[in-house]
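Shown next: structure-v8.txt, given as compact mmCIF, C-alpha atoms.
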# COMPACT_ATOMS: atom_id res chain seq x y z
CA MET G 5 47.22 25.53 134.29
CA GLU G 6 45.51 27.47 137.03
CA ARG G 7 44.25 30.90 135.99
CA GLU G 8 45.25 33.73 138.24
CA ILE G 9 42.36 35.47 139.99
CA SER G 10 42.35 39.26 139.83
CA ILE G 11 41.92 41.39 142.96
CA ASP G 12 38.50 42.45 141.74
CA GLU G 13 37.38 38.85 141.27
CA LYS G 14 38.73 38.03 144.72
CA ILE G 15 36.60 40.76 146.30
CA ARG G 16 33.51 39.57 144.43
CA LEU G 17 34.17 35.95 145.41
CA ASN G 18 34.61 37.02 149.03
CA SER G 19 31.18 38.62 148.91
CA LEU G 20 29.74 35.32 147.69
CA TYR G 21 31.48 33.41 150.49
CA GLN G 22 30.08 35.92 152.96
CA GLN G 23 26.56 35.48 151.62
CA ILE G 24 26.81 31.69 151.89
CA ILE G 25 27.97 32.06 155.51
CA GLU G 26 25.07 34.43 156.26
CA ILE G 27 22.62 31.90 154.78
CA ALA G 28 24.22 29.14 156.85
CA CYS G 29 23.68 31.35 159.93
CA GLY G 30 20.01 31.78 159.04
CA ASN G 31 20.11 35.32 157.65
CA PHE G 32 17.91 35.16 154.56
CA MET G 33 17.57 38.92 154.16
CA PHE G 34 21.16 39.29 152.97
CA ARG G 35 21.45 40.31 149.28
CA GLN G 36 24.24 40.89 146.78
CA GLU G 37 23.97 43.59 144.18
CA PRO G 38 25.12 42.04 140.88
CA SER G 39 27.93 43.98 139.22
CA GLY G 40 26.07 44.11 135.92
CA ARG G 41 28.84 42.18 134.15
CA ARG G 42 26.53 39.16 133.75
CA ASP G 43 29.41 36.74 134.22
CA HIS G 44 29.47 33.52 136.27
CA ILE G 45 30.00 35.39 139.55
CA ASP G 46 26.96 37.58 138.84
CA THR G 47 24.89 34.51 137.98
CA ILE G 48 25.77 32.84 141.27
CA ALA G 49 25.07 36.08 143.18
CA VAL G 50 21.57 36.38 141.67
CA LEU G 51 20.87 32.67 142.25
CA LEU G 52 21.89 33.05 145.92
CA ASN G 53 19.61 36.10 146.26
CA MET G 54 16.70 34.15 144.80
CA MET G 55 17.50 31.10 146.91
CA SER G 56 17.43 33.21 150.09
CA GLU G 57 14.09 34.62 149.02
CA GLU G 58 12.65 31.14 148.37
CA ILE G 59 13.91 29.74 151.69
CA ASN G 60 12.70 32.76 153.63
CA TYR G 61 9.30 32.50 152.01
CA SER G 62 8.72 28.80 152.46
CA CYS G 63 10.32 28.37 155.91
CA PHE G 64 9.19 31.45 157.78
CA ASN G 65 5.55 31.83 156.87
CA ALA G 66 6.34 34.91 154.81
CA GLN G 67 2.73 34.74 153.62
CA HIS G 68 1.67 36.07 157.03
CA TRP G 69 4.06 39.01 156.97
CA ASP G 70 1.46 41.65 156.42
CA GLU G 71 -0.33 40.53 159.57
CA TYR G 72 2.49 40.73 162.13
CA PRO G 73 4.85 43.61 161.44
CA GLU G 74 7.22 44.46 164.26
CA PHE G 75 9.25 47.68 164.52
CA HIS G 76 12.92 47.21 163.52
CA PHE G 77 14.46 50.69 163.16
CA SER G 78 13.70 54.13 161.74
CA ILE G 79 15.73 56.76 159.93
CA PHE G 80 14.82 60.46 159.56
CA LEU G 81 15.79 62.53 156.52
CA ASN G 82 15.79 66.28 155.85
CA PRO G 83 14.25 67.78 152.66
CA HIS G 84 17.53 67.12 150.77
CA TYR G 85 17.44 63.42 151.65
CA HIS G 86 20.29 63.75 154.15
CA ILE G 87 20.21 61.59 157.27
CA THR G 88 19.44 63.65 160.38
CA SER G 89 18.78 60.98 163.02
CA TYR G 90 17.92 57.34 163.50
CA SER G 91 16.69 55.07 166.26
CA SER G 92 19.40 53.76 168.59
CA GLY G 93 20.68 50.38 167.47
CA THR G 94 20.34 51.17 163.75
CA SER G 95 24.13 51.26 163.26
CA LYS G 96 24.42 47.85 164.89
CA ILE G 97 21.62 46.29 162.83
CA LEU G 98 23.04 47.63 159.56
CA LYS G 99 26.67 47.00 160.63
CA TRP G 100 27.80 50.58 159.97
CA ASP G 101 31.40 51.32 160.88
CA ASP G 102 30.80 55.08 161.37
CA GLU G 103 27.84 57.20 162.28
CA ASN G 104 26.00 58.47 159.19
CA PHE G 105 24.56 61.78 160.40
CA ASP G 106 24.33 64.52 157.79
CA ARG G 107 25.26 62.18 154.96
CA PRO G 108 23.09 61.67 151.85
CA VAL G 109 20.73 58.68 152.00
CA SER G 110 22.61 57.21 148.99
CA VAL G 111 25.40 56.34 151.46
CA ILE G 112 23.18 53.79 153.17
CA LEU G 113 20.88 52.63 150.34
CA SER G 114 21.48 50.95 146.98
CA ASN G 115 20.91 53.14 143.91
CA ASN G 116 17.68 51.36 143.06
CA SER G 117 16.38 51.77 146.58
CA VAL G 118 17.12 55.51 146.55
CA GLN G 119 15.07 55.70 143.37
CA ALA G 120 12.29 53.56 144.90
CA LEU G 121 12.25 55.83 147.97
CA LYS G 122 11.87 58.99 145.89
CA GLU G 123 9.21 57.39 143.68
CA GLU G 124 7.28 56.25 146.73
CA LEU G 125 7.32 59.77 148.19
CA GLN G 126 6.09 61.19 144.90
CA THR G 127 3.34 58.66 144.24
CA ASN G 128 2.19 58.16 147.82
CA ASN G 129 2.27 61.82 148.72
CA GLY G 130 0.09 62.55 151.73
CA LYS G 131 -1.79 59.24 151.78
CA THR G 132 -2.50 57.90 155.24
CA TYR G 133 -2.08 54.28 154.18
CA GLN G 134 1.57 53.39 153.80
CA ARG G 135 2.47 50.19 152.02
CA LEU G 136 5.58 48.17 152.70
CA ILE G 137 8.26 48.37 150.06
CA PRO G 138 11.51 46.41 150.23
CA LEU G 139 14.62 48.61 150.55
CA ASP G 140 18.19 47.37 150.18
CA PHE G 141 20.45 48.88 152.87
CA LEU G 142 24.20 48.87 152.31
CA THR G 143 26.06 47.05 155.05
CA GLU G 144 29.71 46.14 155.50
CA ASN G 145 31.64 45.07 152.38
CA LYS G 146 29.02 46.72 150.16
CA SER G 147 26.59 43.87 150.79
CA LEU G 148 22.88 44.50 150.90
CA TYR G 149 20.38 43.88 153.68
CA ARG G 150 16.80 43.82 152.40
CA VAL G 151 14.16 45.14 154.77
CA PRO G 152 10.45 45.89 154.20
CA CYS G 153 9.88 49.59 155.01
CA THR G 154 7.26 52.29 154.98
CA ILE G 155 8.28 55.73 153.74
CA GLN G 156 6.40 58.71 155.06
CA LYS G 157 6.41 62.46 154.74
CA MET G 158 6.46 64.18 158.14
CA THR G 159 4.58 67.31 159.15
CA GLY G 160 5.57 69.65 162.01
CA ILE G 161 7.96 72.43 162.89
CA ASN G 162 11.21 70.48 162.73
CA SER G 163 12.54 70.86 159.18
CA ASP G 164 15.29 68.32 159.90
CA CYS G 165 12.69 65.57 159.89
CA SER G 166 10.96 65.78 156.52
CA TYR G 167 10.82 62.09 155.76
CA VAL G 168 10.98 58.93 157.82
CA ILE G 169 11.91 55.43 156.75
CA THR G 170 10.45 52.87 159.15
CA ALA G 171 11.81 49.36 158.83
CA PHE G 172 9.91 46.29 160.00
CA ARG G 173 10.72 42.71 160.68
CA PHE G 174 8.40 39.75 160.80
CA GLY G 175 7.99 36.23 161.98
CA HIS G 176 9.44 36.36 165.49
CA LYS G 177 6.10 37.12 167.05
CA ASN G 178 4.64 34.09 165.30
CA GLU G 179 7.31 31.80 166.63
CA ASP G 180 7.01 33.14 170.18
CA GLU G 181 3.27 32.84 170.14
CA GLU G 182 3.48 29.34 168.76
CA VAL G 183 5.82 28.23 171.53
CA LYS G 184 3.62 29.88 174.16
CA GLU G 185 0.55 28.24 172.71
CA ASN G 186 2.21 24.86 172.58
CA ASN G 187 3.46 25.15 176.14
CA THR G 188 0.09 26.06 177.55
CA SER G 189 -2.18 23.76 175.61
CA SER G 190 -0.74 20.32 175.07
CA PRO G 191 2.84 19.14 175.41
CA SER G 192 2.47 16.72 172.49
CA LYS G 193 2.05 19.72 170.15
CA LEU G 194 5.68 20.63 170.70
CA GLU G 195 6.66 17.79 168.42
CA LYS G 196 4.30 19.01 165.75
CA LYS G 197 6.62 21.55 164.11
CA GLU G 198 6.04 21.20 160.37
CA SER G 199 8.63 19.15 158.56
CA ALA G 200 10.05 20.07 155.18
CA ALA G 201 7.93 17.29 153.64
CA THR G 202 4.75 18.79 155.13
CA LYS G 203 5.64 22.22 153.81
CA LEU G 204 6.24 20.80 150.35
CA LEU G 205 2.94 18.92 150.53
CA LEU G 206 1.03 22.05 151.53
CA LYS G 207 2.73 24.02 148.78
CA GLN G 208 1.45 21.43 146.30
CA VAL G 209 -2.06 21.61 147.76
CA ARG G 210 -2.00 25.40 147.43
CA LEU G 211 -0.89 25.08 143.80
CA TYR G 212 -3.64 22.50 143.17
CA ILE G 213 -6.23 24.95 144.51
CA LEU G 214 -4.87 27.83 142.43
CA ARG G 215 -4.98 25.67 139.32
CA ASN G 216 -8.59 24.70 140.00
CA LEU G 217 -10.23 28.08 140.34
CA HIS G 218 -12.52 27.22 137.42
CA THR G 219 -14.25 24.45 139.30
CA GLU G 220 -15.55 23.43 142.70
CA LEU G 221 -13.03 21.77 144.97
CA PRO G 222 -13.32 18.09 145.81
CA SER G 223 -14.12 17.33 149.44
CA LEU G 224 -11.26 17.67 151.94
CA LYS G 225 -11.19 13.88 152.20
CA GLU G 226 -10.77 13.54 148.42
CA LEU G 227 -8.24 16.37 148.35
CA GLY G 228 -6.32 14.47 151.03
CA LEU G 229 -6.44 11.28 148.97
CA ILE G 230 -5.17 13.09 145.85
CA HIS G 231 -2.18 14.32 147.87
CA ARG G 232 -1.72 11.10 149.83
CA THR G 233 -2.54 12.55 153.20
CA ASN G 234 -5.56 12.68 155.48
CA LYS G 235 -8.29 15.27 155.94
CA THR G 236 -7.30 16.29 159.49
CA LYS G 237 -3.64 16.86 158.68
CA LEU G 238 -4.55 18.77 155.54
CA LYS G 239 -6.98 21.01 157.41
CA GLU G 240 -4.70 21.73 160.36
CA GLU G 241 -1.47 22.25 158.46
CA PHE G 242 -3.04 24.45 155.77
CA LYS G 243 -4.48 26.75 158.44
CA LYS G 244 -1.17 26.82 160.26
CA ILE G 245 0.91 27.69 157.19
CA TYR G 246 -1.44 29.93 155.21
CA GLY G 247 -3.56 31.35 158.05
CA THR G 248 -6.89 30.50 156.41
CA THR G 249 -9.03 27.44 155.67
CA ILE G 250 -8.92 25.61 152.33
CA PRO G 251 -12.53 26.46 151.30
CA ARG G 252 -12.05 30.12 152.30
CA PHE G 253 -8.75 30.36 150.37
CA HIS G 254 -10.36 28.77 147.29
CA MET G 255 -13.35 31.14 147.48
CA GLU G 256 -11.14 34.22 147.96
CA LYS G 257 -8.93 33.33 145.00
CA ARG G 258 -11.92 32.50 142.74
CA LEU G 259 -13.42 35.90 143.54
CA GLU G 260 -10.07 37.62 142.90
CA LYS G 261 -9.98 35.89 139.51
CA GLY G 262 -13.58 36.98 138.88
CA ALA G 263 -12.77 40.59 139.78
CA LEU G 264 -9.73 40.58 137.48
CA LEU G 265 -11.77 39.22 134.55
CA ILE G 266 -14.60 41.67 135.22
CA ARG G 267 -12.36 44.73 135.10
CA SER G 268 -9.96 43.53 132.39
CA THR G 269 -12.22 41.82 129.84
CA GLU G 270 -15.63 42.29 128.28
CA LEU G 271 -16.67 38.72 129.02
CA PRO G 272 -20.32 38.54 130.17
CA ILE G 273 -20.69 38.08 133.94
CA SER G 274 -22.46 34.76 133.26
CA ILE G 275 -19.33 33.37 131.54
CA ILE G 276 -17.06 34.74 134.30
CA THR G 277 -19.34 33.02 136.84
CA GLN G 278 -18.66 29.70 135.07
CA LYS G 279 -14.95 30.37 134.63
CA CYS G 280 -14.64 30.89 138.36
CA GLY G 281 -16.41 27.64 139.17
CA PHE G 282 -19.71 29.02 140.52
CA LYS G 283 -22.94 27.12 139.97
CA ASP G 284 -25.06 30.16 139.24
CA HIS G 285 -25.04 33.93 139.14
CA SER G 286 -26.63 34.42 142.56
CA HIS G 287 -24.00 32.23 144.24
CA PHE G 288 -21.24 34.28 142.58
CA SER G 289 -22.93 37.59 143.17
CA LYS G 290 -23.62 36.92 146.87
CA ASN G 291 -19.99 35.98 147.59
CA PHE G 292 -18.61 38.74 145.38
CA ARG G 293 -20.63 41.32 147.27
CA ARG G 294 -19.28 39.95 150.55
CA GLN G 295 -15.63 40.34 149.40
CA TYR G 296 -15.82 43.52 147.31
CA GLY G 297 -18.82 45.28 148.89
CA GLN G 298 -20.70 45.70 145.60
CA SER G 299 -22.36 43.63 142.89
CA PRO G 300 -20.26 42.33 139.96
CA SER G 301 -22.01 44.63 137.46
CA LEU G 302 -21.51 47.73 139.60
CA TYR G 303 -17.87 46.71 140.14
CA ARG G 304 -17.44 46.53 136.35
CA LEU G 305 -19.01 49.96 135.87
CA GLU G 306 -16.68 51.54 138.41
CA ASN G 307 -13.46 49.66 137.72
CA ALA G 308 -13.39 48.67 134.04
CA TRP G 309 -10.82 50.58 132.05
CA SER G 310 -9.84 50.51 128.44
CA ILE G 311 -6.31 49.80 127.32
CA GLN G 312 -6.69 52.13 124.35
CA MET D 1 -2.84 46.99 117.03
CA VAL D 2 0.16 47.53 119.28
CA VAL D 3 -0.75 48.37 122.85
CA ASP D 4 1.77 50.56 124.62
CA GLY D 5 1.13 49.49 128.24
CA THR D 6 2.77 50.88 131.37
CA TYR D 7 5.36 48.15 131.60
CA ALA D 8 5.28 46.45 128.20
CA LYS D 9 4.32 46.71 124.57
CA MET D 10 1.97 43.97 123.40
CA TRP D 11 0.21 42.88 120.26
CA ILE D 12 -1.33 39.80 118.67
CA SER D 13 -0.07 38.47 115.36
CA LYS D 14 -0.77 35.17 113.60
CA GLY D 15 -2.29 33.59 116.69
CA ILE D 16 0.59 34.54 119.01
CA LEU D 17 0.54 37.22 121.69
CA TYR D 18 3.76 39.21 121.68
CA PHE D 19 4.65 40.73 125.00
CA VAL D 20 7.78 42.89 125.08
CA TYR D 21 8.76 44.28 128.46
CA LYS D 22 10.04 47.84 128.79
CA GLU D 23 13.14 48.50 130.86
CA ILE D 24 12.38 47.52 134.47
CA TYR D 25 14.89 46.97 137.27
CA GLU D 26 12.62 44.96 139.54
CA ILE D 27 9.02 43.80 139.07
CA ASN D 28 6.95 43.87 142.27
CA ARG D 29 3.55 42.33 142.99
CA SER D 30 1.48 45.43 142.23
CA MET D 31 3.31 45.86 138.90
CA ALA D 32 2.69 42.18 138.14
CA LYS D 33 -1.03 42.61 138.75
CA GLN D 34 -1.17 45.58 136.42
CA ILE D 35 0.81 43.71 133.76
CA VAL D 36 -1.62 40.76 133.83
CA SER D 37 -4.63 43.05 133.80
CA GLN D 38 -3.37 44.87 130.68
CA ARG D 39 -2.62 41.58 128.94
CA LEU D 40 -6.12 40.25 129.65
CA GLN D 41 -7.59 43.49 128.37
CA LEU D 42 -5.84 42.95 125.05
CA GLN D 43 -6.75 39.26 124.86
CA ASN D 44 -10.32 39.95 125.87
CA GLU D 45 -11.94 36.52 125.56
CA ASN D 46 -9.25 34.38 123.96
CA SER D 47 -6.35 32.27 125.17
CA TYR D 48 -3.06 32.54 123.30
CA PRO D 49 0.44 31.13 123.25
CA ILE D 50 2.62 33.96 124.55
CA PHE D 51 5.99 35.16 123.35
CA CYS D 52 7.49 37.08 126.27
CA ASP D 53 10.56 39.21 125.66
CA LEU D 54 12.11 39.56 129.09
CA ARG D 55 15.42 41.05 127.95
CA ALA D 56 14.84 44.51 129.45
CA VAL D 57 13.91 43.18 132.90
CA THR D 58 16.67 42.78 135.47
CA ASN D 59 14.83 41.21 138.39
CA ALA D 60 11.45 40.24 139.83
CA GLN D 61 10.49 39.90 143.49
CA LYS D 62 9.36 36.51 144.78
CA GLN D 63 5.72 37.55 145.19
CA ALA D 64 5.65 38.97 141.67
CA ARG D 65 7.18 35.78 140.27
CA ASP D 66 4.55 33.68 142.01
CA TYR D 67 1.71 35.87 140.83
CA LEU D 68 2.87 35.91 137.22
CA ALA D 69 3.39 32.15 137.10
CA ILE D 70 0.19 30.98 138.79
CA GLU D 71 -2.58 33.46 139.43
CA GLY D 72 -1.54 35.72 136.59
CA ALA D 73 -1.48 32.93 134.03
CA TYR D 74 -5.14 33.02 132.98
CA MET D 75 -5.71 32.49 129.27
CA THR D 76 -2.15 31.35 128.61
CA LYS D 77 -1.77 28.30 126.34
CA ALA D 78 2.03 28.19 126.38
CA LEU D 79 4.88 30.55 127.15
CA ALA D 80 8.19 31.15 125.37
CA ILE D 81 10.49 33.47 127.28
CA LEU D 82 13.21 35.29 125.38
CA VAL D 83 16.24 36.27 127.46
CA GLU D 84 19.49 38.08 126.75
CA ASP D 85 22.16 35.50 127.52
CA GLU D 86 23.30 32.48 129.52
CA HIS D 87 23.22 34.53 132.76
CA ALA D 88 19.50 35.32 132.39
CA MET D 89 18.82 31.79 131.12
CA VAL D 90 20.00 30.20 134.39
CA ILE D 91 18.03 32.70 136.51
CA THR D 92 14.85 32.20 134.48
CA GLN D 93 15.20 28.44 134.82
CA LEU D 94 15.24 28.84 138.61
CA TYR D 95 12.05 30.90 138.24
CA ILE D 96 10.31 28.18 136.20
CA LYS D 97 11.44 25.39 138.51
CA THR D 98 10.30 27.15 141.70
CA SER D 99 7.08 28.72 140.38
CA SER D 100 5.80 25.58 138.60
CA PRO D 101 3.64 27.14 135.87
CA ALA D 102 0.83 24.81 134.77
CA TYR D 103 1.32 25.48 131.03
CA PRO D 104 4.25 24.52 128.76
CA THR D 105 7.07 26.99 129.34
CA GLN D 106 10.54 27.26 127.83
CA VAL D 107 13.35 29.80 127.87
CA PHE D 108 15.28 30.82 124.76
CA THR D 109 18.05 33.16 123.76
CA ASN D 110 17.01 32.93 120.11
CA LYS D 111 13.78 34.59 118.93
CA GLU D 112 13.13 32.20 115.99
CA GLU D 113 13.45 29.16 118.22
CA ALA D 114 11.09 30.72 120.75
CA LEU D 115 8.46 31.38 118.07
CA ALA D 116 8.91 27.88 116.62
CA PHE D 117 8.15 26.42 120.06
CA LEU D 118 4.83 28.28 120.17
CA GLN D 119 3.62 27.12 116.72
CA ASP D 120 2.09 23.91 118.12
CA TYR D 121 -0.07 25.82 120.59
CA ARG D 122 -1.68 28.32 118.19
Would you write the structure of this file as structure tokens?
Amino acid sequence: MEREISIDEKIRLNSLYQQIIEIACGNFMFRQEPSGRRDHIDTIAVLLNMMSEEINYSCFNAQHWDEYPEFHFSIFLNPHYHITSYSSGTSKILKWDDENFDRPVSVILSNNSVQALKEELQTNNGKTYQRLIPLDFLTENKSLYRVPCTIQKMTGINSDCSYVITAFRFGHKNEDEEVKENNTSSPSKLEKKESAATKLLLKQVRLYILRNLHTELPSLKELGLIHRTNKTKLKEEFKKIYGTTIPRFHMEKRLEKGALLIRSTELPISIITQKCGFKDHSHFSKNFRRQYGQSPSLYRLENAWSIQ
Amino acid sequence: MVVDGTYAKMWISKGILYFVYKEIYEINRSMAKQIVSQRLQLQNENSYPIFCDLRAVTNAQKQARDYLAIEGAYMTKALAILVEDEHAMVITQLYIKTSSPAYPTQVFTNKEEALAFLQDYR
């Protein structure tokens, strides 16, 4: 016998349908906030959120995000976290039915994002560098739209503008530039858009590198053979997807591992040198200095901290 | 010795590293880096099988998941993740499948089973 679906379940299922439609339309920033009931509908909602994240990351060069931020919209708040103004077009982007002037920020953000916003203002108070933090904006039908934002404290004579949330979007510039580049250089490149198989291959190569930070990498030719591809394709595609060369990526990650072990353990630098796949101390030290601007021992002196 | 870290309590007992997360809504990449750093500080020079109680964590961002599974996995022999229920079990399985950790990893809802899994890696 068919079980009758309650109105509440119907609303929650509709949200799931809507998210699937958004994904089908290519919107991978759409999120559902789970109800907290931890039932099957919640499980599917979380899986869809994670799936969107995975697709967005692997298909749209999300690794390059930090490099090409593009202004999306901004929202100004007064000292009581009430919305005072926003850039034109914000209502359309966030699909607001009404204007939200003079309403508390909790009307447009999820509870966790309101908390994240306040924490960010407390911890990042006055710093010139503003990092991107993801905020979940409420859109129609209580769905969430996740956008990377900076949150800043304003100074000046207008007390209505105490804080500003600046939202960014990424990726479009990349695509435009790519098309422009392809059009101007060689027409054959137009066909060279990476396939899903290439992306999967490059993901495996990246994983291989990350799992071999304790040793030197085989030559690009050998690396190609291990992954059943050729040196040229490997070189070109890796640069295109991850924005760096394979040897540079390997070196950067080995040094990051070295830095982590230096500040978190008491292992002698000589052992860390080996664990990070360097032949000798001077090789490690020279490269470490280049990336971190100081010698490994000085870095330990300044950054080591005790858990007790 | 029980270490009361920023995001988790951790200690080593009978060759297993116990790592119990405190209540966190969403782990981000900078939190993940701090978590790994504190774990390595406790381990100092040794690798351990890790019992990870994830029951108080609701979510983790993609970049944090990647960091914890790959770059943050130094000195991990094996990992048993303890979760609350079937809901968290399915989500954690997606995490394992997409992050491809290089060490043996399994998810459990039962603490004894999780610890039994780690016995072979001590």
*So which one's closest to chain D, G:Cys63, G:Leu52, G:Ile97, G:Ile230? Using all atoms listed in the file, please.*
G:Leu52
Counting all atoms listed in the file, which residues in chain D sit no more than 6 Å from chain G? For each one, give the nearest pair of atoms and the distance in Å, sorted by chain then residue number, as CSV.
residue,atom,partner,partner_atom,distance
D:Ser37,CA,G:Ser268,CA,5.5
D:Leu40,CA,G:Ser268,CA,5.7
D:Gln41,CA,G:Ser268,CA,4.7
D:Asn44,CA,G:Thr269,CA,4.8
D:His87,CA,G:Thr47,CA,5.5
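Separating CA of Ile27 (chain D) from CA of Ser147 (chain G) is a distance of 21.1 Å.
Excluding Glu103 (chain G) and any residue on its chain fewer than 5 positions from it, the residues at most 12 Å away by only C-alpha atoms are Ile87, Thr88, Ser89, Tyr90, Ser92, Gly93, Thr94, Ser95, Lys96, Leu98, Val111 and Ile112 of chain G.
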*Might you pull out every residue within 6 Å of region 105-119 of chain D, with all atoms listed in the file counted and same-chain residues fewer than 2 positions away left off, and present them as a PyMOL selection string?*
chain D and resi 78-84+121-122
Skip Ser166 (chain G) itself and residues of its chain fewer than 5 positions away, then list as a PDB file with C-alpha atoms, in the frame of the given file all residues within 9 Å of it, counting only C-alpha atoms.
ATOM      1  CA  PHE G  80      14.820  60.460 159.560  1.00  0.00           C
ATOM      2  CA  LEU G  81      15.790  62.530 156.520  1.00  0.00           C
ATOM      3  CA  ASN G  82      15.790  66.280 155.850  1.00  0.00           C
ATOM      4  CA  PRO G  83      14.250  67.780 152.660  1.00  0.00           C
ATOM      5  CA  HIS G  84      17.530  67.120 150.770  1.00  0.00           C
ATOM      6  CA  TYR G  85      17.440  63.420 151.650  1.00  0.00           C
ATOM      7  CA  GLN G 156       6.400  58.710 155.060  1.00  0.00           C
ATOM      8  CA  LYS G 157       6.410  62.460 154.740  1.00  0.00           C
ATOM      9  CA  MET G 158       6.460  64.180 158.140  1.00  0.00           C
ATOM     10  CA  THR G 159       4.580  67.310 159.150  1.00  0.00           C
ATOM     11  CA  GLY G 160       5.570  69.650 162.010  1.00  0.00           C
TER      12      GLY G 160
END
*Between CA of Gln36 (chain G) and CA of Asp53 (chain D), what is the distance, to one decimal in Å?*
25.2 Å
*CA of Ala102 (chain D) and CA of Tyr67 (chain D), how far apart in Å?*
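Straight-line distance from CA of Tyr67 (chain D) to CA of Ala102 (chain D) works out to 12.6 Å.
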Would you mind completing region 60-73 of chain D so that it carries N, CA, C and O atoms, and writing it out as a PDB file, in the coordinates of the input?
ATOM      1  N   ALA D  60      12.853  40.241 139.409  1.00  0.00           N
ATOM      2  CA  ALA D  60      11.450  40.240 139.830  1.00  0.00           C
ATOM      3  C   ALA D  60      11.389  39.711 141.252  1.00  0.00           C
ATOM      4  O   ALA D  60      12.062  38.730 141.578  1.00  0.00           O
ATOM      5  N   GLN D  61      10.593  40.363 142.100  1.00  0.00           N
ATOM      6  CA  GLN D  61      10.490  39.900 143.490  1.00  0.00           C
ATOM      7  C   GLN D  61       9.723  38.583 143.557  1.00  0.00           C
ATOM      8  O   GLN D  61       8.900  38.297 142.703  1.00  0.00           O
ATOM      9  N   LYS D  62       9.968  37.828 144.605  1.00  0.00           N
ATOM     10  CA  LYS D  62       9.360  36.510 144.780  1.00  0.00           C
ATOM     11  C   LYS D  62       7.838  36.542 144.612  1.00  0.00           C
ATOM     12  O   LYS D  62       7.260  35.716 143.908  1.00  0.00           O
ATOM     13  N   GLN D  63       7.182  37.503 145.263  1.00  0.00           N
ATOM     14  CA  GLN D  63       5.720  37.550 145.190  1.00  0.00           C
ATOM     15  C   GLN D  63       5.233  37.874 143.779  1.00  0.00           C
ATOM     16  O   GLN D  63       4.199  37.386 143.367  1.00  0.00           O
ATOM     17  N   ALA D  64       6.014  38.669 143.050  1.00  0.00           N
ATOM     18  CA  ALA D  64       5.650  38.970 141.670  1.00  0.00           C
ATOM     19  C   ALA D  64       5.836  37.733 140.804  1.00  0.00           C
ATOM     20  O   ALA D  64       5.002  37.420 139.956  1.00  0.00           O
ATOM     21  N   ARG D  65       6.918  37.003 141.039  1.00  0.00           N
ATOM     22  CA  ARG D  65       7.180  35.780 140.270  1.00  0.00           C
ATOM     23  C   ARG D  65       6.045  34.785 140.458  1.00  0.00           C
ATOM     24  O   ARG D  65       5.553  34.193 139.510  1.00  0.00           O
ATOM     25  N   ASP D  66       5.631  34.613 141.709  1.00  0.00           N
ATOM     26  CA  ASP D  66       4.550  33.680 142.010  1.00  0.00           C
ATOM     27  C   ASP D  66       3.254  34.093 141.329  1.00  0.00           C
ATOM     28  O   ASP D  66       2.554  33.281 140.759  1.00  0.00           O
ATOM     29  N   TYR D  67       2.960  35.379 141.415  1.00  0.00           N
ATOM     30  CA  TYR D  67       1.710  35.870 140.830  1.00  0.00           C
ATOM     31  C   TYR D  67       1.711  35.668 139.310  1.00  0.00           C
ATOM     32  O   TYR D  67       0.739  35.180 138.742  1.00  0.00           O
ATOM     33  N   LEU D  68       2.815  36.017 138.682  1.00  0.00           N
ATOM     34  CA  LEU D  68       2.870  35.910 137.220  1.00  0.00           C
ATOM     35  C   LEU D  68       2.766  34.461 136.766  1.00  0.00           C
ATOM     36  O   LEU D  68       2.140  34.156 135.769  1.00  0.00           O
ATOM     37  N   ALA D  69       3.365  33.554 137.534  1.00  0.00           N
ATOM     38  CA  ALA D  69       3.390  32.150 137.100  1.00  0.00           C
ATOM     39  C   ALA D  69       2.066  31.440 137.345  1.00  0.00           C
ATOM     40  O   ALA D  69       1.660  30.594 136.553  1.00  0.00           O
ATOM     41  N   ILE D  70       1.380  31.757 138.430  1.00  0.00           N
ATOM     42  CA  ILE D  70       0.190  30.980 138.790  1.00  0.00           C
ATOM     43  C   ILE D  70      -1.098  31.787 138.611  1.00  0.00           C
ATOM     44  O   ILE D  70      -1.858  31.563 137.668  1.00  0.00           O
ATOM     45  N   GLU D  71      -1.317  32.742 139.501  1.00  0.00           N
ATOM     46  CA  GLU D  71      -2.580  33.460 139.430  1.00  0.00           C
ATOM     47  C   GLU D  71      -2.676  34.360 138.201  1.00  0.00           C
ATOM     48  O   GLU D  71      -3.755  34.630 137.711  1.00  0.00           O
ATOM     49  N   GLY D  72      -1.527  34.818 137.733  1.00  0.00           N
ATOM     50  CA  GLY D  72      -1.540  35.720 136.590  1.00  0.00           C
ATOM     51  C   GLY D  72      -1.477  35.021 135.253  1.00  0.00           C
ATOM     52  O   GLY D  72      -1.240  35.649 134.223  1.00  0.00           O
ATOM     53  N   ALA D  73      -1.680  33.692 135.265  1.00  0.00           N
ATOM     54  CA  ALA D  73      -1.480  32.930 134.030  1.00  0.00           C
ATOM     55  C   ALA D  73      -2.783  32.635 133.288  1.00  0.00           C
ATOM     56  O   ALA D  73      -2.790  31.836 132.376  1.00  0.00           O
TER      57      ALA D  73
END
